[in-house]
Amino acid sequence: MLQSELFTKTRKEGPKDEVARNAQLLIRAGYIHKEMAGVYSFLPLGLRVLNKIVGIIREEMNAIGGQELFLTALQDPAVWKTSGRWSEQVVDNWFKTEIKTGGAAGLGFTHEEPIVRLMKDHIHSYRDLPKFIYQFQTKFRNEERAKSGILRTREFLMKDLYSFARDEKEHAKLYEKVKSAYSRIFNRAGVGRRTFLTFASGGSFSKYSHEFQTVCDAGEDTIYLDEKKEIAVNKEVLAPEVLKELGLKREGLTEKKAVEVGNIFSQGIRFSEPLGLTFKDEAGTEKPVVMGAYGIGPGRLLGAIVELLADKAGLVWPASVAPFQVHLVSLASENGETKSSADALYKKLLDKGVETLYDDRDLRVGEKFADDDLLGLPIRLVVSDKTAKAGKIEFKRRIEDKSELLSEAEVMERVVSL
RNA sequence: CGGAGUGUAGUAUAGUGGCAGUAUAUAUGCUUUGGGAGCAUAAGGUCUGGGUUCGAUUCCCAGCACUCCGACCA
């Protein structure tokens with residue numbers, strides 16, 4: 001894409017109404033726009049990152065047999081009344097609204113109720129199980145306090161996966177599958193080294209749930225991490241008997257702030273029973289389906305990546321989620337020979353399928369490089385009179401300080417293999 | 001929901017009970033081109049409503065918005 005045509009502008013200074021580093025940088029770089037407290041729009045660059053993250057999650061969900069669907073954001077009160085979760089006393093962060101012709105609708109904060117009701121039409125026999133069903137859907141939560149930039153918002157995209165199993169034993173297998181899929185997702189998204197499986201409170205149907213916590217100072221959660229075993233315990237369940245059960249020693253744990261980028265939990269028959277999602281087993285006995293629910297917030301994960309990897313100069317994206325792989329920066333004046341060779345290189349990169357943002361703007365070097373650092377694309381290629389004279393192209397990685405002069409063939413080889 | 005704070009130009013910031021300033025961004029012209037250069041000109045602003053006052057952007061009250069700390073987070 002031509003940067004001269006990109007409608008978003010970078011800013012030298014961050015907004016005064018944000019403190020969180022993720023929002024500061026993402027707004028400065030033109031990736032997101034704040035609509036209201038806790039409500040953010042994604043602009044072209046931000047949307048590209050978000051879609052990359054969604055793509056990774058989708059691949060891993062499909063790899064374990066997940067089937068994608070798209071439920072509605074508007075929720076029918078009836079099914080929520082059946083489960084008991086329409087009540088403000090039970091769930092206090094609903095956004096509710098009225099239907100013109102009478103009645104009400106809620107904006108979904110999760111989707112167990114509608115998916116269970118939906119699955120009743122399709123699951124009748126043990127032959128119909130097990131199943132993994134998932135979606136990417138905007139969730140609405142009327143948080144009393146939005147904070148931490150895009151890490152905790154009132155409207156956000158969520159990948160929610162639901163598992164349906166015949167019994168606890170089968171459920172346990174599904175649960176483990178998701179656990180490993182999640183590890184792959186966070187590895188691929190570039191935060192794997194600092195993201196840890198964390199034991200958290202499980203609710204009424206299992207002793208623990210599991211969270212995936214990315215350690216960084218911006219995190220809202222406090223976890224106790226065993227760096228060697230690479231597992232952690234959420235502060236909410238930290239107790240001597242828990243540590244004993246998990247084989248952890250208090251002395252071996254360090255307290256860390258972390259962002260909950262994913263969670264997985266067993267739900268047993270909490271929803272299938274009241275809503276009547278049952279199947280007949282081999283003996284013809286009617287049984288409630290055993291469920292699990294598994295969430296990842298792609299937007300929050302995006303924010304966590306920023307928090308974890310960004311530096312003083314700006315954003316830093318792993319290649320797997322970067323909006324473009326290459327930032328081609330032309331330092332040539334308009335309509336010269338050097339400009340032509342930069343244009344030609346851009347075309348070659350596109351022909352090779354290399355996602356390239358081409359800074360073809362007629363600006364001074366300082367501003368161009370400052371923008372380059374801020375935008376955080378993995379590789380910067382510079383074409384200038386200097387490089388043209390040497391018959392080379394300057395190659396620099398965002399995470400390194402050094403740059404090197406390479407031939408076009410060498411450059412192509414490196415960027416195509418990304 | 002409890003506590004604290006802040007609202008001045010697109011953005012970021014000064015300042016004052018009496019004509020509201022700077023930087024940056026924007027527009028135009030000239031100069032300039034390896035780390036946000038320079039000169040000139042132009043356009044652009046006191047959150048909303050009430051009160052005190054001859055006069056309020058400034059003081060007071062309310063509202064709204066935003067931020068931070070805490071509580072909450074299925």
# chains A, B, ... in the order shown; residues from 1 in each chain; ligands from 1
$ interface_residues --of "chain A" --to "chain B" --cutoff "6 Å" --atoms "only C-alpha atoms (C1' of nucleotides)" --output "ChimeraX atom specification"
/A:17,364,366-367
$ residues_around --residues "Lys34 (chain A)" --least-positions-apart "3" --cutoff "10 Å" --atoms "only C-alpha atoms (C1' of nucleotides)" --output "NGL selection string"
:A and (15 or 17-18 or 23 or 27 or 37-42 or 149-150)
$ closest_residue --among "B:U46, B:U52, B:U58, B:U41" --to "A20 (chain B)" --atoms "only C-alpha atoms (C1' of nucleotides)"
B:U46
$ residues_around --residues "region 192-201 of chain A" --least-positions-apart "4" --cutoff "7 Å" --atoms "only C-alpha atoms (C1' of nucleotides)" --output "list in words"
Phe186, Asn187, Lys207, Tyr208, Ser209, His210, Glu211, Phe212, Gln213, Thr214, Val215, Glu230, Ile231, Ala232, Val233, Asn234, Glu236 and Val237 of chain A
$ write_last_selection --atoms "C-alpha atoms" --output "PDB file, in the first residue's frame"
ATOM      1  CA  PHE A 186       0.101 -17.391  21.764  1.00  0.00           C
ATOM      2  CA  ASN A 187       3.386 -18.707  20.433  1.00  0.00           C
ATOM      3  CA  LYS A 207     -11.968 -27.063  40.830  1.00  0.00           C
ATOM      4  CA  TYR A 208      -9.934 -24.830  38.563  1.00  0.00           C
ATOM      5  CA  SER A 209     -10.244 -23.013  35.344  1.00  0.00           C
ATOM      6  CA  HIS A 210      -7.206 -22.133  33.309  1.00  0.00           C
ATOM      7  CA  GLU A 211      -6.109 -18.759  32.140  1.00  0.00           C
ATOM      8  CA  PHE A 212      -3.380 -17.798  29.743  1.00  0.00           C
ATOM      9  CA  GLN A 213      -1.622 -14.870  31.331  1.00  0.00           C
ATOM     10  CA  THR A 214       0.884 -12.695  29.512  1.00  0.00           C
ATOM     11  CA  VAL A 215       3.288 -11.223  32.004  1.00  0.00           C
ATOM     12  CA  GLU A 230       6.215 -22.348  33.333  1.00  0.00           C
ATOM     13  CA  ILE A 231       2.952 -22.441  35.174  1.00  0.00           C
ATOM     14  CA  ALA A 232       1.324 -19.917  37.425  1.00  0.00           C
ATOM     15  CA  VAL A 233      -1.401 -19.559  39.984  1.00  0.00           C
ATOM     16  CA  ASN A 234      -3.798 -16.664  39.991  1.00  0.00           C
ATOM     17  CA  GLU A 236      -7.436 -15.458  43.658  1.00  0.00           C
ATOM     18  CA  VAL A 237      -6.711 -19.117  44.340  1.00  0.00           C
TER      19      VAL A 237
END
$ residues_around --residues "Gly30 (chain A)" --least-positions-apart "5" --cutoff "6 Å" --atoms "only C-alpha atoms (C1' of nucleotides)" --output "list in words"
Thr8, Lys9 and Thr10 of chain A
$ residues_around --residues "Gly391 (chain A)" --least-positions-apart "2" --cutoff "10 Å" --atoms "only C-alpha atoms (C1' of nucleotides)" --output "number ranges by chain"
A: 383, 385-389, 393, 405-408
$ select_by_dssp --residues "region 127-271 of chain A" --states "strand (DSSP E)" --output "PyMOL selection string"
chain A and resi 131-140+155-165+195-201+208-215+221-226+231-234+254-268
$ select_by_dssp --residues "region 51-107 of chain A" --states "helix (DSSP H, G or I)" --output "JSON list (two decimals) with C-alpha atoms, in the first residue's frame"
[["chain", "number", "residue", "atom", "x", "y", "z"],
["A", 51, "ASN", "CA", -7.34, -9.71, 11.24],
["A", 52, "LYS", "CA", -3.94, -11.39, 11.38],
["A", 53, "ILE", "CA", -4.59, -12.38, 14.96],
["A", 54, "VAL", "CA", -8.07, -13.57, 14.09],
["A", 55, "GLY", "CA", -6.56, -15.58, 11.24],
["A", 56, "ILE", "CA", -4.12, -17.34, 13.54],
["A", 57, "ILE", "CA", -6.85, -18.18, 16.01],
["A", 58, "ARG", "CA", -9.14, -19.40, 13.26],
["A", 59, "GLU", "CA", -6.48, -21.72, 11.86],
["A", 60, "GLU", "CA", -5.85, -23.25, 15.23],
["A", 61, "MET", "CA", -9.53, -23.62, 16.01],
["A", 62, "ASN", "CA", -10.13, -25.32, 12.69],
["A", 63, "ALA", "CA", -7.12, -27.55, 13.30],
["A", 77, "PRO", "CA", -34.33, -12.38, 26.97],
["A", 78, "ALA", "CA", -36.33, -15.61, 27.08],
["A", 79, "VAL", "CA", -33.41, -17.99, 26.91],
["A", 80, "TRP", "CA", -31.45, -15.95, 29.43],
["A", 81, "LYS", "CA", -34.37, -16.01, 31.83],
["A", 82, "THR", "CA", -34.36, -19.77, 31.63],
["A", 83, "SER", "CA", -30.72, -19.93, 32.67]]
$ residues_around --residues "region 47-50 of chain B" --least-positions-apart "4" --cutoff "12 Å" --atoms "only C-alpha atoms (C1' of nucleotides)" --output "PyMOL selection string"
chain B and resi 6-8+57+60-66
$ write_last_selection --atoms "N, CA and C atoms (P, O5', C5', C4', C3', O3' and C1' of nucleotides)" --output "PDB file, in the first residue's frame"
ATOM      1  P     U B   6      -7.636  19.507  39.412  1.00  0.00           P
ATOM      2  O5'   U B   6      -7.730  19.117  37.880  1.00  0.00           O
ATOM      3  C5'   U B   6      -6.562  18.789  37.151  1.00  0.00           C
ATOM      4  C4'   U B   6      -6.936  18.362  35.757  1.00  0.00           C
ATOM      5  C3'   U B   6      -7.810  19.348  34.994  1.00  0.00           C
ATOM      6  O3'   U B   6      -7.029  20.392  34.435  1.00  0.00           O
ATOM      7  C1'   U B   6      -8.694  17.168  34.755  1.00  0.00           C
ATOM      8  P     G B   7      -7.737  21.632  33.779  1.00  0.00           P
ATOM      9  O5'   G B   7      -8.228  20.956  32.441  1.00  0.00           O
ATOM     10  C5'   G B   7      -9.097  21.633  31.586  1.00  0.00           C
ATOM     11  C4'   G B   7      -9.592  20.691  30.532  1.00  0.00           C
ATOM     12  C3'   G B   7     -10.522  21.374  29.550  1.00  0.00           C
ATOM     13  O3'   G B   7     -10.506  20.692  28.315  1.00  0.00           O
ATOM     14  C1'   G B   7     -11.730  19.787  30.823  1.00  0.00           C
ATOM     15  P     U B   8      -9.426  21.057  27.243  1.00  0.00           P
ATOM     16  O5'   U B   8      -9.407  22.648  27.250  1.00  0.00           O
ATOM     17  C5'   U B   8     -10.515  23.377  26.748  1.00  0.00           C
ATOM     18  C4'   U B   8     -10.060  24.713  26.232  1.00  0.00           C
ATOM     19  C3'   U B   8      -9.039  24.667  25.107  1.00  0.00           C
ATOM     20  O3'   U B   8      -9.652  24.441  23.841  1.00  0.00           O
ATOM     21  C1'   U B   8      -8.301  26.194  26.736  1.00  0.00           C
ATOM     22  P     U B  57     -16.613  33.683  30.007  1.00  0.00           P
ATOM     23  O5'   U B  57     -15.439  32.663  29.675  1.00  0.00           O
ATOM     24  C5'   U B  57     -15.630  31.270  29.784  1.00  0.00           C
ATOM     25  C4'   U B  57     -14.365  30.595  30.240  1.00  0.00           C
ATOM     26  C3'   U B  57     -13.940  30.925  31.680  1.00  0.00           C
ATOM     27  O3'   U B  57     -14.585  30.085  32.610  1.00  0.00           O
ATOM     28  C1'   U B  57     -12.088  31.164  30.205  1.00  0.00           C
ATOM     29  P     C B  60     -13.820  27.791  42.884  1.00  0.00           P
ATOM     30  O5'   C B  60     -15.349  28.042  43.257  1.00  0.00           O
ATOM     31  C5'   C B  60     -15.730  28.445  44.561  1.00  0.00           C
ATOM     32  C4'   C B  60     -17.235  28.506  44.651  1.00  0.00           C
ATOM     33  C3'   C B  60     -17.964  27.267  44.152  1.00  0.00           C
ATOM     34  O3'   C B  60     -18.027  26.258  45.155  1.00  0.00           O
ATOM     35  C1'   C B  60     -18.956  29.185  43.205  1.00  0.00           C
ATOM     36  P     C B  61     -18.099  24.739  44.687  1.00  0.00           P
ATOM     37  O5'   C B  61     -19.584  24.595  44.143  1.00  0.00           O
ATOM     38  C5'   C B  61     -20.700  24.735  45.021  1.00  0.00           C
ATOM     39  C4'   C B  61     -21.997  24.588  44.257  1.00  0.00           C
ATOM     40  C3'   C B  61     -22.102  23.369  43.364  1.00  0.00           C
ATOM     41  O3'   C B  61     -22.458  22.203  44.085  1.00  0.00           O
ATOM     42  C1'   C B  61     -22.828  25.264  42.165  1.00  0.00           C
ATOM     43  P     A B  62     -22.017  20.771  43.520  1.00  0.00           P
ATOM     44  O5'   A B  62     -22.970  20.597  42.260  1.00  0.00           O
ATOM     45  C5'   A B  62     -24.374  20.392  42.447  1.00  0.00           C
ATOM     46  C4'   A B  62     -25.087  20.422  41.119  1.00  0.00           C
ATOM     47  C3'   A B  62     -24.628  19.388  40.097  1.00  0.00           C
ATOM     48  O3'   A B  62     -25.179  18.106  40.318  1.00  0.00           O
ATOM     49  C1'   A B  62     -24.809  21.489  39.050  1.00  0.00           C
ATOM     50  P     G B  63     -24.389  16.835  39.839  1.00  0.00           P
ATOM     51  O5'   G B  63     -24.539  16.899  38.256  1.00  0.00           O
ATOM     52  C5'   G B  63     -25.824  16.755  37.648  1.00  0.00           C
ATOM     53  C4'   G B  63     -25.744  17.087  36.178  1.00  0.00           C
ATOM     54  C3'   G B  63     -24.829  16.201  35.353  1.00  0.00           C
ATOM     55  O3'   G B  63     -25.450  14.985  34.984  1.00  0.00           O
ATOM     56  C1'   G B  63     -24.425  18.467  34.816  1.00  0.00           C
ATOM     57  P     C B  64     -24.556  13.672  34.915  1.00  0.00           P
ATOM     58  O5'   C B  64     -23.725  13.892  33.574  1.00  0.00           O
ATOM     59  C5'   C B  64     -24.400  14.020  32.328  1.00  0.00           C
ATOM     60  C4'   C B  64     -23.437  14.493  31.267  1.00  0.00           C
ATOM     61  C3'   C B  64     -22.159  13.676  31.124  1.00  0.00           C
ATOM     62  O3'   C B  64     -22.343  12.505  30.363  1.00  0.00           O
ATOM     63  C1'   C B  64     -21.622  15.962  31.156  1.00  0.00           C
ATOM     64  P     A B  65     -21.439  11.236  30.675  1.00  0.00           P
ATOM     65  O5'   A B  65     -20.035  11.688  30.071  1.00  0.00           O
ATOM     66  C5'   A B  65     -19.911  11.962  28.687  1.00  0.00           C
ATOM     67  C4'   A B  65     -18.540  12.513  28.392  1.00  0.00           C
ATOM     68  C3'   A B  65     -17.382  11.659  28.884  1.00  0.00           C
ATOM     69  O3'   A B  65     -17.092  10.596  28.001  1.00  0.00           O
ATOM     70  C1'   A B  65     -17.011  13.905  29.487  1.00  0.00           C
ATOM     71  P     C B  66     -16.554   9.223  28.619  1.00  0.00           P
ATOM     72  O5'   C B  66     -15.055   9.580  28.996  1.00  0.00           O
ATOM     73  C5'   C B  66     -14.127   9.897  27.981  1.00  0.00           C
ATOM     74  C4'   C B  66     -12.882  10.499  28.580  1.00  0.00           C
ATOM     75  C3'   C B  66     -12.176   9.658  29.632  1.00  0.00           C
ATOM     76  O3'   C B  66     -11.403   8.615  29.065  1.00  0.00           O
ATOM     77  C1'   C B  66     -12.311  11.878  30.380  1.00  0.00           C
TER      78        C B  66
END
